[in-house]
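S.K.: You'll find input.tsv just under this line, and it carries TSV, C-alpha atoms and all ligand atoms.
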```
chain	number	residue	atom	x	y	z
A	18	MET	CA	0.00	0.00	0.00
A	19	ARG	CA	1.23	3.52	-0.84
A	20	ALA	CA	-0.03	7.03	-0.03
A	21	LYS	CA	-0.57	9.26	-3.05
A	22	ILE	CA	-1.50	12.93	-3.29
A	23	ILE	CA	-4.93	13.56	-4.84
A	24	GLY	CA	-5.58	17.19	-3.90
A	25	LEU	CA	-3.53	20.30	-3.15
A	26	GLY	CA	-4.28	23.73	-1.74
A	27	SER	CA	-2.50	26.77	-0.35
A	28	HIS	CA	-3.27	30.20	1.02
A	29	VAL	CA	-1.38	33.36	1.97
A	30	PRO	CA	-2.70	36.55	3.58
A	31	PRO	CA	-3.27	39.46	1.14
A	32	LYS	CA	-0.91	42.02	2.75
A	33	VAL	CA	2.38	42.29	0.82
A	34	VAL	CA	5.42	43.76	2.59
A	35	THR	CA	8.36	44.55	0.32
A	36	ASN	CA	12.02	44.91	1.29
A	37	GLN	CA	11.60	48.61	0.64
A	38	ASP	CA	8.73	48.73	3.18
A	39	LEU	CA	10.95	47.09	5.81
A	40	SER	CA	13.78	49.55	5.20
A	41	LYS	CA	11.46	52.33	6.43
A	42	PHE	CA	11.53	51.09	10.02
A	43	VAL	CA	14.58	48.84	10.38
A	44	ASP	CA	18.19	49.43	9.31
A	45	THR	CA	18.20	47.30	6.15
A	46	ASN	CA	17.87	47.70	2.40
A	47	ASP	CA	16.49	45.89	-0.62
A	48	GLU	CA	19.95	45.13	-2.04
A	49	TRP	CA	21.18	43.40	1.16
A	50	ILE	CA	18.05	41.29	1.55
A	51	ARG	CA	17.96	40.27	-2.13
A	52	THR	CA	21.62	39.34	-2.40
A	53	ARG	CA	21.91	37.64	1.03
A	54	THR	CA	18.57	35.79	0.93
A	55	GLY	CA	16.81	36.09	-2.47
A	56	ILE	CA	13.66	37.42	-0.76
A	57	GLU	CA	11.87	40.37	-2.42
A	58	GLU	CA	8.60	40.46	-0.50
A	59	ARG	CA	6.56	38.46	2.01
A	60	ARG	CA	2.92	38.18	3.19
A	61	LEU	CA	1.83	39.29	6.65
A	62	SER	CA	-1.31	38.19	8.45
A	63	ASP	CA	-3.19	40.94	10.29
A	64	GLU	CA	-4.03	40.84	14.01
A	65	ASN	CA	-7.35	39.09	13.36
A	66	THR	CA	-5.82	36.29	11.26
A	67	SER	CA	-4.38	33.22	12.97
A	68	THR	CA	-2.57	30.12	11.74
A	69	PHE	CA	-5.91	28.26	11.73
A	70	ASP	CA	-7.46	31.01	9.55
A	71	LEU	CA	-4.79	30.42	6.88
A	72	ALA	CA	-4.80	26.63	7.31
A	73	LYS	CA	-8.57	26.29	6.88
A	74	VAL	CA	-8.53	27.92	3.44
A	75	ALA	CA	-5.64	25.76	2.19
A	76	ALA	CA	-7.19	22.62	3.71
A	77	GLN	CA	-10.64	23.29	2.24
A	78	LYS	CA	-9.12	23.65	-1.25
A	79	ALA	CA	-7.14	20.41	-0.95
A	80	LEU	CA	-10.18	18.52	0.34
A	81	GLU	CA	-12.50	19.86	-2.38
A	82	ARG	CA	-10.01	19.19	-5.18
A	83	SER	CA	-9.55	15.60	-3.96
A	84	LYS	CA	-13.34	15.04	-4.16
A	85	ILE	CA	-13.09	12.92	-0.99
A	86	ASP	CA	-16.29	12.90	1.06
A	87	PRO	CA	-15.43	14.74	4.34
A	88	GLU	CA	-17.10	11.90	6.26
A	89	LYS	CA	-14.47	9.53	4.82
A	90	LEU	CA	-11.51	11.46	6.20
A	91	ASP	CA	-9.60	9.33	8.75
A	92	LEU	CA	-6.94	11.70	10.05
A	93	ILE	CA	-5.76	15.34	9.94
A	94	ILE	CA	-2.12	16.15	10.73
A	95	VAL	CA	-0.94	19.77	10.91
A	96	GLY	CA	2.73	20.76	10.99
A	97	THR	CA	2.92	24.05	12.89
A	98	THR	CA	4.87	25.81	15.65
A	99	THR	CA	2.54	28.80	15.79
A	100	PRO	CA	-0.78	27.20	16.80
A	101	ASP	CA	-3.66	29.52	17.75
A	102	THR	CA	-3.49	28.16	21.31
A	103	LEU	CA	-1.26	25.62	23.09
A	104	PHE	CA	-4.42	23.54	23.05
A	105	PRO	CA	-6.70	22.69	21.39
A	106	SER	CA	-4.53	21.95	18.36
A	107	VAL	CA	-4.99	23.52	14.92
A	108	SER	CA	-5.77	20.05	13.54
A	109	THR	CA	-8.79	19.64	15.86
A	110	MET	CA	-10.00	23.12	14.87
A	111	LEU	CA	-9.81	21.97	11.25
A	112	GLN	CA	-11.62	18.73	12.08
A	113	ASP	CA	-14.56	20.80	13.36
A	114	HIS	CA	-14.43	23.41	10.58
A	115	LEU	CA	-14.20	20.90	7.71
A	116	LYS	CA	-16.98	18.77	9.22
A	117	THR	CA	-14.96	15.57	9.23
A	118	PRO	CA	-16.46	13.79	12.28
A	119	ASN	CA	-14.63	10.51	11.68
A	120	ALA	CA	-11.15	12.00	11.51
A	121	ALA	CA	-8.61	11.84	14.32
A	122	ALA	CA	-6.42	14.95	14.52
A	123	PHE	CA	-3.06	16.03	15.91
A	124	ASP	CA	-0.34	18.64	15.36
A	125	VAL	CA	3.33	17.96	14.74
A	126	SER	CA	6.00	20.35	16.05
A	127	ALA	CA	9.12	20.36	13.90
A	128	ALA	CA	9.28	24.06	12.91
A	129	CYS	CA	10.14	24.54	9.24
A	130	SER	CA	10.46	20.75	8.80
A	131	GLY	CA	6.91	20.29	10.12
A	132	PHE	CA	5.25	19.50	6.80
A	133	ASN	CA	7.82	16.86	5.84
A	134	PHE	CA	7.44	15.25	9.29
A	135	ALA	CA	3.64	15.30	9.00
A	136	LEU	CA	3.69	13.91	5.46
A	137	SER	CA	6.03	11.08	6.36
A	138	THR	CA	3.88	10.21	9.41
A	139	ALA	CA	0.74	10.18	7.28
A	140	ALA	CA	2.38	7.96	4.65
A	141	ALA	CA	3.38	5.47	7.36
A	142	TYR	CA	-0.24	5.26	8.59
A	143	VAL	CA	-1.45	4.60	5.05
A	144	GLU	CA	1.27	2.03	4.30
A	145	SER	CA	0.47	0.16	7.54
A	146	GLY	CA	-3.19	-0.02	6.54
A	147	SER	CA	-4.30	1.95	9.63
A	148	TYR	CA	-5.86	4.81	7.68
A	149	LYS	CA	-6.92	5.46	4.09
A	150	ASN	CA	-7.63	9.18	3.69
A	151	ILE	CA	-5.39	11.71	5.44
A	152	LEU	CA	-5.23	15.50	5.19
A	153	VAL	CA	-1.74	16.91	5.79
A	154	VAL	CA	-1.26	20.64	6.39
A	155	GLY	CA	1.74	22.91	6.97
A	156	ALA	CA	0.83	26.34	8.35
A	157	ASP	CA	2.61	29.07	10.30
A	158	THR	CA	2.37	32.75	11.18
A	159	LEU	CA	5.93	33.38	12.35
A	160	THR	CA	5.68	37.11	11.62
A	161	LYS	CA	3.65	37.37	14.84
A	162	TYR	CA	6.78	36.31	16.75
A	163	LEU	CA	9.38	38.58	15.16
A	164	ASP	CA	11.38	41.29	16.85
A	165	TRP	CA	10.91	44.02	14.24
A	166	LYS	CA	14.06	45.73	15.57
A	167	ASP	CA	16.24	42.67	14.85
A	168	ARG	CA	17.26	43.00	11.21
A	169	GLY	CA	18.95	39.59	11.36
A	170	THR	CA	15.56	37.83	11.63
A	171	CYS	CA	12.66	40.18	10.79
A	172	VAL	CA	13.49	40.34	7.07
A	173	LEU	CA	13.41	36.57	6.61
A	174	PHE	CA	9.92	35.34	7.43
A	175	GLY	CA	6.38	35.42	6.03
A	176	ASP	CA	3.02	33.76	6.76
A	177	GLY	CA	1.17	31.05	4.83
A	178	ALA	CA	-0.43	27.62	4.66
A	179	GLY	CA	-0.37	24.62	2.33
A	180	ALA	CA	-2.24	21.31	2.34
A	181	VAL	CA	-2.36	17.96	0.57
A	182	MET	CA	-4.95	15.16	0.59
A	183	LEU	CA	-3.51	11.66	0.66
A	184	THR	CA	-5.29	8.45	-0.18
A	185	SER	CA	-4.13	4.85	-0.34
A	186	THR	CA	-3.26	3.11	-3.58
A	187	GLU	CA	-2.38	-0.50	-4.37
A	188	GLU	CA	0.20	0.70	-6.95
A	189	ARG	CA	3.65	-0.08	-5.52
A	190	ASP	CA	5.49	2.54	-7.59
A	191	ARG	CA	3.17	5.52	-7.01
A	192	GLY	CA	2.94	8.11	-4.25
A	193	ILE	CA	5.36	8.57	-1.37
A	194	LEU	CA	8.08	6.00	-2.00
A	195	ALA	CA	10.60	7.00	0.68
A	196	SER	CA	10.99	9.34	3.66
A	197	VAL	CA	13.97	10.44	5.73
A	198	LEU	CA	13.58	12.29	9.04
A	199	GLY	CA	16.25	13.43	11.47
A	200	ALA	CA	17.10	15.72	14.37
A	201	LYS	CA	20.18	17.31	15.91
A	202	GLY	CA	18.87	18.42	19.29
A	203	GLU	CA	22.28	19.71	20.39
A	204	GLY	CA	21.81	22.55	17.88
A	205	GLY	CA	18.45	23.59	19.35
A	206	LYS	CA	19.99	26.66	20.98
A	207	HIS	CA	20.72	28.20	17.58
A	208	LEU	CA	17.06	28.86	16.74
A	209	ILE	CA	14.73	29.44	19.69
A	210	MET	CA	11.48	31.03	20.74
A	211	PRO	CA	12.39	31.34	24.44
A	212	GLY	CA	9.13	32.68	25.91
A	213	GLY	CA	5.61	31.28	26.06
A	214	GLY	CA	6.43	27.66	26.93
A	215	SER	CA	6.31	25.97	30.36
A	216	ARG	CA	9.82	27.23	31.22
A	217	ASP	CA	8.68	30.81	30.78
A	218	PRO	CA	4.89	31.00	30.57
A	219	GLU	CA	4.89	34.73	31.28
A	220	GLU	CA	7.29	35.35	28.43
A	221	LYS	CA	9.86	37.13	30.62
A	222	ASN	CA	12.49	36.18	28.04
A	223	GLY	CA	10.39	37.64	25.23
A	224	ARG	CA	8.27	35.90	22.68
A	225	PHE	CA	10.54	36.56	19.75
A	226	ILE	CA	12.51	34.27	17.48
A	227	THR	CA	16.21	34.39	18.28
A	228	MET	CA	18.61	32.89	15.77
A	229	ASN	CA	22.30	32.35	15.20
A	230	GLY	CA	22.05	32.79	11.42
A	231	LYS	CA	25.53	31.47	10.60
A	232	GLU	CA	25.08	28.23	12.58
A	233	VAL	CA	21.62	27.64	11.11
A	234	PHE	CA	23.00	28.31	7.63
A	235	LYS	CA	25.75	25.67	8.07
A	236	PHE	CA	23.23	23.14	9.38
A	237	ALA	CA	20.74	23.93	6.60
A	238	VAL	CA	23.26	23.30	3.82
A	239	TRP	CA	24.28	19.98	5.42
A	240	ALA	CA	20.69	18.93	6.15
A	241	LEU	CA	19.41	19.65	2.65
A	242	GLU	CA	22.25	17.79	0.99
A	243	HIS	CA	22.07	14.88	3.44
A	244	SER	CA	18.29	14.41	3.39
A	245	VAL	CA	17.99	14.54	-0.40
A	246	THR	CA	20.92	12.15	-0.89
A	247	GLU	CA	19.50	9.71	1.66
A	248	VAL	CA	15.88	9.78	0.46
A	249	VAL	CA	16.94	9.15	-3.14
A	250	LYS	CA	19.12	6.24	-2.01
A	251	LYS	CA	16.29	4.82	0.12
A	252	ALA	CA	13.99	4.83	-2.92
A	253	GLY	CA	16.62	2.89	-4.90
A	254	MET	CA	17.20	5.86	-7.22
A	255	THR	CA	19.96	8.35	-8.05
A	256	LEU	CA	19.95	12.15	-8.19
A	257	ASN	CA	19.46	11.84	-11.96
A	258	ASN	CA	15.98	10.42	-11.35
A	259	ILE	CA	14.76	13.68	-9.75
A	260	ASP	CA	12.36	15.61	-12.01
A	261	LEU	CA	11.64	18.35	-9.47
A	262	LEU	CA	13.26	19.26	-6.15
A	263	ILE	CA	11.16	21.40	-3.82
A	264	PRO	CA	13.43	22.55	-1.00
A	265	HIS	CA	12.37	24.53	2.07
A	266	GLN	CA	12.22	28.15	0.93
A	267	ALA	CA	14.45	29.84	3.52
A	268	ASN	CA	17.34	31.38	1.61
A	269	ILE	CA	18.35	31.14	-2.07
A	270	ARG	CA	22.01	30.79	-1.07
A	271	ILE	CA	21.25	27.61	0.90
A	272	ILE	CA	19.38	26.18	-2.11
A	273	ASN	CA	22.08	27.23	-4.59
A	274	HIS	CA	24.83	25.61	-2.50
A	275	VAL	CA	23.11	22.24	-2.70
A	276	VAL	CA	21.91	22.52	-6.29
A	277	LYS	CA	25.49	23.31	-7.38
A	278	LYS	CA	26.85	20.35	-5.44
A	279	PHE	CA	24.24	18.04	-7.02
A	280	ASN	CA	24.78	19.62	-10.43
A	281	LEU	CA	20.99	19.92	-10.88
A	282	PRO	CA	19.71	22.14	-13.71
A	283	GLU	CA	17.75	25.20	-12.51
A	284	SER	CA	14.63	23.90	-14.25
A	285	LYS	CA	14.55	20.98	-11.79
A	286	VAL	CA	14.44	23.13	-8.66
A	287	TYR	CA	11.35	25.06	-7.62
A	288	VAL	CA	11.88	28.42	-5.94
A	289	ASN	CA	9.20	30.91	-4.85
A	290	LEU	CA	10.88	32.39	-1.77
A	291	GLN	CA	11.25	35.74	-3.56
A	292	LYS	CA	7.47	36.20	-3.14
A	293	TYR	CA	6.87	34.77	0.33
A	294	GLY	CA	10.12	34.63	2.34
A	295	ASN	CA	10.42	31.75	4.79
A	296	THR	CA	6.88	30.62	5.66
A	297	SER	CA	8.16	27.83	7.96
A	298	ALA	CA	6.00	24.67	7.81
A	299	ALA	CA	3.95	26.19	4.97
A	300	SER	CA	6.90	26.71	2.66
A	301	VAL	CA	7.11	23.23	1.09
A	302	PRO	CA	3.35	22.61	0.53
A	303	LEU	CA	2.90	26.20	-0.73
A	304	ALA	CA	5.70	25.67	-3.26
A	305	LEU	CA	4.31	22.22	-4.16
A	306	ASP	CA	0.84	23.64	-4.82
A	307	GLU	CA	2.28	26.44	-6.97
A	308	ALA	CA	4.57	24.10	-8.90
A	309	PHE	CA	1.61	21.80	-9.62
A	310	SER	CA	-0.66	24.70	-10.67
A	311	ASP	CA	2.15	26.03	-12.92
A	312	GLY	CA	2.17	22.67	-14.75
A	313	LYS	CA	5.67	21.82	-13.53
A	314	ILE	CA	4.64	18.36	-12.29
A	315	LYS	CA	3.21	15.65	-14.53
A	316	GLU	CA	2.12	12.10	-13.90
A	317	GLY	CA	5.06	9.76	-13.30
A	318	ASP	CA	7.47	12.54	-12.25
A	319	VAL	CA	9.79	12.02	-9.29
A	320	VAL	CA	9.34	14.95	-6.89
A	321	VAL	CA	11.56	15.37	-3.83
A	322	LEU	CA	10.40	17.58	-0.93
A	323	ALA	CA	13.12	18.53	1.57
A	324	GLY	CA	13.17	20.76	4.62
A	325	PHE	CA	15.14	21.79	7.70
A	326	GLY	CA	14.36	23.92	10.70
A	327	ALA	CA	14.44	24.61	14.42
A	328	GLY	CA	15.05	21.69	16.72
A	329	LEU	CA	17.26	21.34	14.81
A	330	THR	CA	15.30	19.04	12.50
A	331	TYR	CA	15.34	17.91	8.88
A	332	GLY	CA	13.22	15.72	6.63
A	333	ALA	CA	12.62	14.69	3.03
A	334	ASN	CA	9.98	12.76	1.09
A	335	LEU	CA	10.32	11.27	-2.39
A	336	ILE	CA	7.11	11.04	-4.40
A	337	ARG	CA	6.34	9.35	-7.73
A	338	TRP	CA	3.49	11.57	-8.97
B	401	LIG	N1	20.07	44.24	6.45
B	401	LIG	C1	21.29	44.80	6.36
B	401	LIG	N2	22.37	44.30	6.98
B	401	LIG	C2	22.20	43.21	7.72
B	401	LIG	C3	20.95	42.57	7.86
B	401	LIG	C4	19.86	43.14	7.18
B	401	LIG	N3	18.63	42.63	7.24
B	401	LIG	N4	21.08	41.49	8.66
B	401	LIG	C5	22.38	41.44	9.01
B	401	LIG	N5	23.05	42.47	8.45
B	401	LIG	C6	24.46	42.79	8.57
B	401	LIG	C7	25.06	42.24	9.85
B	401	LIG	O1	24.84	43.12	10.92
B	401	LIG	C8	26.52	42.13	9.47
B	401	LIG	O2	27.09	43.41	9.54
B	401	LIG	P1	28.59	43.59	10.14
B	401	LIG	O3	29.47	42.83	9.19
B	401	LIG	O4	28.77	45.07	10.14
B	401	LIG	O5	28.53	42.97	11.50
B	401	LIG	C9	26.47	41.76	7.99
B	401	LIG	O6	25.16	42.14	7.52
B	401	LIG	C10	26.64	40.28	7.74
B	401	LIG	O7	25.78	39.57	8.66
B	401	LIG	P2	25.73	38.02	8.72
B	401	LIG	O8	24.83	37.60	9.84
B	401	LIG	O9	27.15	37.52	8.71
B	401	LIG	O10	25.05	37.70	7.33
B	401	LIG	P3	24.93	36.33	6.63
B	401	LIG	O11	25.58	36.40	5.33
B	401	LIG	O12	25.28	35.19	7.55
B	401	LIG	O13	23.36	36.26	6.37
B	401	LIG	C11	21.35	35.27	7.18
B	401	LIG	C12	22.46	36.26	7.45
B	401	LIG	C13	20.61	35.69	5.93
B	401	LIG	C14	20.41	35.27	8.36
B	401	LIG	C15	21.98	33.86	6.96
B	401	LIG	O14	22.87	33.57	8.00
B	401	LIG	C16	20.93	32.77	6.88
B	401	LIG	O15	20.14	32.72	5.97
B	401	LIG	N6	20.95	31.81	7.82
B	401	LIG	C17	19.99	30.72	7.83
B	401	LIG	C18	18.70	31.23	8.37
B	401	LIG	C19	17.56	30.28	8.17
B	401	LIG	O16	17.43	29.62	7.16
B	401	LIG	N7	16.70	30.27	9.19
B	401	LIG	C20	15.49	29.59	9.11
B	401	LIG	C21	15.57	28.19	9.53
B	401	LIG	S1	14.05	27.43	9.39
B	401	LIG	C22	13.09	27.50	10.84
B	401	LIG	O17	12.87	26.50	11.46
B	401	LIG	C23	12.47	28.77	11.30
```
Go ahead and express the file in the form of structure tokens.
M.R.:
Amino acid sequence: MRAKIIGLGSHVPPKVVTNQDLSKFVDTNDEWIRTRTGIEERRLSDENTSTFDLAKVAAQKALERSKIDPEKLDLIIVGTTTPDTLFPSVSTMLQDHLKTPNAAAFDVSAACSGFNFALSTAAAYVESGSYKNILVVGADTLTKYLDWKDRGTCVLFGDGAGAVMLTSTEERDRGILASVLGAKGEGGKHLIMPGGGSRDPEEKNGRFITMNGKEVFKFAVWALEHSVTEVVKKAGMTLNNIDLLIPHQANIRIINHVVKKFNLPESKVYVNLQKYGNTSAASVPLALDEAFSDGKIKEGDVVVLAGFGAGLTYGANLIRW
């Protein structure tokens, strides 16, 4: 049994913030952000829009496009580190909103790797025969947790959501063929949201993302190269088999490092970070939905999704479309 994708959806808030806009209130400029990150603009949710609000639009699209009866949904998994509340989870909010009474629901916390972790978990449930129809979502609103005076972080992130509907198939060579997940907990200190958890519920240490950019950059380059190499190997393939690589959209320099090393042509790598910045767990499914809508994925293609993030964590999934 394999899990294959039969519906996709994504959503971003309407408010566009350009590099130029940022330079009006923080000491930065368009040239620095473009050349150091590749980002040109990002989307910001307003104070009335939560992670669930973005997730529900993306999820509804994926569910409708799949034509699966909501009553037949078995499970909803949401990758997020910016849930509306510590509990209930975003996935249970979706279960209510989408009217899927027979679905179990839980969130996965793996920061920017969240979608790849959720997708791999869902695929394992399908392969084991436990569940048939699973909705997998990646959604985050990290801009709500930025220190707008810290130019080292506030220029990097944006908000968004992406979703896929999975169903089981008897075809052995279709769908998610291999997954690789990993963590390097000793590097957790390099990318932290210190306040708001049980160690600091009153947020005395602030509720802002703090990051050692250079350390995260080094890890990201290693993690992307490692996870793609391993997932391809696990599927019994080589890098030449990849038709489209969809890496986590954090920084074009991280992507270029790995693409150069792999000697992949530009046409085989999907990049949309110039429009959205780093949308954390939403980045991979948002790029996947756009790549599919742009006609960049056709039946039979080998698509590799790869991500890395706080934890530190990394994960990749190889899909035969
Ligand atoms: N505008 C202008 N100048 C800036 C800015 C800015 N926005 N940010 C930093 N600078 C300055 C620095 O102050 C420094 O100046 P100095 O030399 O006078 O001290 C100079 O630019 C170079 O700074 P570095 O930090 O060395 O810049 P670097 O080339 O390392 O780029 C960056 C920084 C973009 C953050 C990079 O390290 C990076 O992308 N790291 C990975 C980040 C990442 O992917 N994080 C997300 C992980 S996913 C998740 O789970 C959330």
S.K.: Show which residues sit within 12 Å of A:Ser126, as a ChimeraX atom specification. Count all atoms listed in the file, and ignore same-chain residues fewer than 4 positions away.
M.R.: /A:94-100,103,106-107,130-135,155-157,297-298,326-330
S.K.: Find the residues around stretch 254-256 of chain A up to 9 Å (all atoms listed in the file counted), leave out those fewer than 4 positions away in its own chain, and share them as a count of residues only.
M.R.: 7
S.K.: Suppose you want the space between atom CA of A:Ile226 and atom CA of A:His207; what is it in Å?
M.R.: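 We find that atom CA of A:Ile226 and atom CA of A:His207 lie 10.2 Å from each other.
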S.K.: Atom O12 of ligand LIG 401 (chain B) to atom CA of A:Ala333: how many Å, to one decimal?
M.R.: 24.5 Å
S.K.: Once 5 Å is added on each side, what centre and edge lengths in Å to one decimal does the axis-aligned box around all listed atoms of ligand LIG 401 (chain B) have, as AutoDock Vina command-line options?
M.R.:
```
--center_x 21.0 --center_y 35.8 --center_z 8.4 --size_x 27.0 --size_y 28.6 --size_z 16.2
```
S.K.: Record the distance separating atom CA of A:Gly55 and atom CA of A:Leu290, expressed in Å with one decimal.
M.R.: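 That distance, rounded to one decimal, is 7.0 Å.
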S.K.: Residues within 8 Å of A:Lys221, please, as a list in words. Count only C-alpha atoms; anything in the same chain fewer than 3 positions from it doesn't count.
M.R.: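 So, after excluding close chain neighbours, the residues are Gly212, Asp217 and Pro218 of chain A.
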S.K.: Could you make a table, as JSON lines, of the residues of stretch 151-215 of chain A that have an atom within 12 Å of an atom of stretch 46-51 of chain A, each with its nearest atom pair and distance in Å to one decimal, counting all atoms listed in the file, in chain and number order?
M.R.:
```
{"residue": "A:Arg168", "atom": "CA", "partner": "A:Ile50", "partner_atom": "CA", "distance": 9.8}
{"residue": "A:Gly169", "atom": "CA", "partner": "A:Ile50", "partner_atom": "CA", "distance": 10.0}
{"residue": "A:Thr170", "atom": "CA", "partner": "A:Ile50", "partner_atom": "CA", "distance": 10.9}
{"residue": "A:Cys171", "atom": "CA", "partner": "A:Ile50", "partner_atom": "CA", "distance": 10.8}
{"residue": "A:Val172", "atom": "CA", "partner": "A:Ile50", "partner_atom": "CA", "distance": 7.2}
{"residue": "A:Leu173", "atom": "CA", "partner": "A:Ile50", "partner_atom": "CA", "distance": 8.3}
{"residue": "A:Phe174", "atom": "CA", "partner": "A:Ile50", "partner_atom": "CA", "distance": 11.7}
```
S.K.: Go through stretch 158-207 of chain A and flag each residue having an atom no more than 9 Å from stretch 227-244 of chain A; for those, report the closest pair of atoms plus their distance in Å to one decimal, using all atoms listed in the file, ordered by chain and rising number, as CSV.
M.R.:
```
residue,atom,partner,partner_atom,distance
A:Leu163,CA,A:Thr227,CA,8.6
A:Asp164,CA,A:Thr227,CA,8.5
A:Asp167,CA,A:Thr227,CA,9.0
A:Gly169,CA,A:Gly230,CA,7.5
A:Thr170,CA,A:Met228,CA,7.1
A:Ser196,CA,A:Ser244,CA,8.9
A:Val197,CA,A:Ser244,CA,6.3
A:Leu198,CA,A:Ser244,CA,7.7
A:Gly199,CA,A:Ser244,CA,8.4
A:Gly204,CA,A:Glu232,CA,8.4
A:Lys206,CA,A:Met228,CA,8.2
A:His207,CA,A:Asn229,CA,5.0
```
S.K.: Mind checking which residues fall within 12 Å of A:Phe309, counting only C-alpha atoms, ignoring those fewer than 5 positions away in the same chain, and posting them as number ranges by chain?
M.R.: A: 22-27, 181, 261, 263, 287, 302-304, 314-316, 318, 320, 338
S.K.: Residues near A:Pro282, anyone? I mean within 12 Å using all atoms listed in the file, not counting same-chain ones fewer than 6 positions away, as a ChimeraX atom specification.
M.R.: /A:256-257,259-262,273,275-276
S.K.: From the set A:Asp86, A:Cys129, A:Lys21, A:Tyr162, which residue has the shortest atom-to-atom contact distance to A:Arg191, counting all atoms listed in the file?
M.R.: A:Lys21
S.K.: Given all atoms listed in the file as the basis, pick out the residue of A:Gly175, A:Gly223, A:Gly253, A:Gly317 nearest to ligand LIG 401 (chain B).
M.R.: A:Gly175
S.K.: Using only C-alpha atoms, can you list as a list in words the residues within 7 Å of (12.1, 34.0, 24.2)?
M.R.: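 Final list of nearby residues, as requested, is Ile209, Met210, Pro211, Gly212, Glu220, Asn222, Gly223, Arg224, Phe225 and Ile226 of chain A.
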S.K.: Taking all atoms listed in the file into account, name the residue in A:Arg53, A:Lys292, A:Lys116, A:Lys285 that is nearest to ligand LIG 401 (chain B).
M.R.: A:Arg53
S.K.: Show me the residues close to (-2.8, 35.2, 3.8) - anything with an atom within 7 Å, counting all atoms listed in the file - and format the list as a VMD selection string.
M.R.: chain A and resid 28 to 31 60 to 62 71 176 to 177
S.K.: When distances are computed from only C-alpha atoms, which of A:Gly294, A:Val34, A:Pro105, A:Ala178 shows the smallest separation from A:Ala79?
M.R.: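 Closest to A:Ala79 of all the choices is A:Ala178.
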S.K.: Go through A:Asn334, A:Thr160, A:Ser108, A:Thr138 and flag the residue nearest ligand LIG 401 (chain B), using only C-alpha atoms and all ligand atoms for the distances.
M.R.: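 The answer is A:Thr160, which sits nearest to ligand LIG 401 (chain B).
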S.K.: Quick one: stretch 267-280 of chain A with N, CA and C atoms, as a short mmCIF file (atom, residue, chain, number, x, y, z; two decimals), in the frame of the given file?
M.R.:
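Below is the file that was written, part35.cif:
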```cif
data_model
loop_
_atom_site.label_atom_id
_atom_site.label_comp_id
_atom_site.auth_asym_id
_atom_site.auth_seq_id
_atom_site.Cartn_x
_atom_site.Cartn_y
_atom_site.Cartn_z
N ALA A 267 13.94 28.95 2.47
CA ALA A 267 14.45 29.84 3.52
C ALA A 267 15.39 30.90 2.96
N ASN A 268 16.31 30.47 2.09
CA ASN A 268 17.34 31.38 1.61
C ASN A 268 17.88 30.80 0.29
N ILE A 269 17.92 31.62 -0.74
CA ILE A 269 18.35 31.14 -2.07
C ILE A 269 19.80 30.65 -2.02
N ARG A 270 20.60 31.22 -1.12
CA ARG A 270 22.01 30.79 -1.07
C ARG A 270 22.13 29.36 -0.53
N ILE A 271 21.24 28.99 0.39
CA ILE A 271 21.25 27.61 0.90
C ILE A 271 20.88 26.66 -0.25
N ILE A 272 19.84 27.02 -0.99
CA ILE A 272 19.38 26.18 -2.11
C ILE A 272 20.47 26.09 -3.18
N ASN A 273 21.06 27.23 -3.52
CA ASN A 273 22.08 27.23 -4.59
C ASN A 273 23.30 26.37 -4.24
N HIS A 274 23.70 26.42 -2.97
CA HIS A 274 24.83 25.61 -2.50
C HIS A 274 24.62 24.14 -2.88
N VAL A 275 23.41 23.66 -2.54
CA VAL A 275 23.11 22.24 -2.70
C VAL A 275 22.88 21.89 -4.17
N VAL A 276 22.20 22.77 -4.87
CA VAL A 276 21.91 22.52 -6.29
C VAL A 276 23.22 22.44 -7.07
N LYS A 277 24.18 23.30 -6.72
CA LYS A 277 25.49 23.31 -7.38
C LYS A 277 26.22 21.98 -7.10
N LYS A 278 26.19 21.60 -5.84
CA LYS A 278 26.85 20.35 -5.44
C LYS A 278 26.26 19.15 -6.19
N PHE A 279 24.93 19.15 -6.34
CA PHE A 279 24.24 18.04 -7.02
C PHE A 279 24.30 18.18 -8.55
N ASN A 280 24.73 19.37 -8.99
CA ASN A 280 24.78 19.62 -10.43
C ASN A 280 23.39 19.49 -11.08
#
```
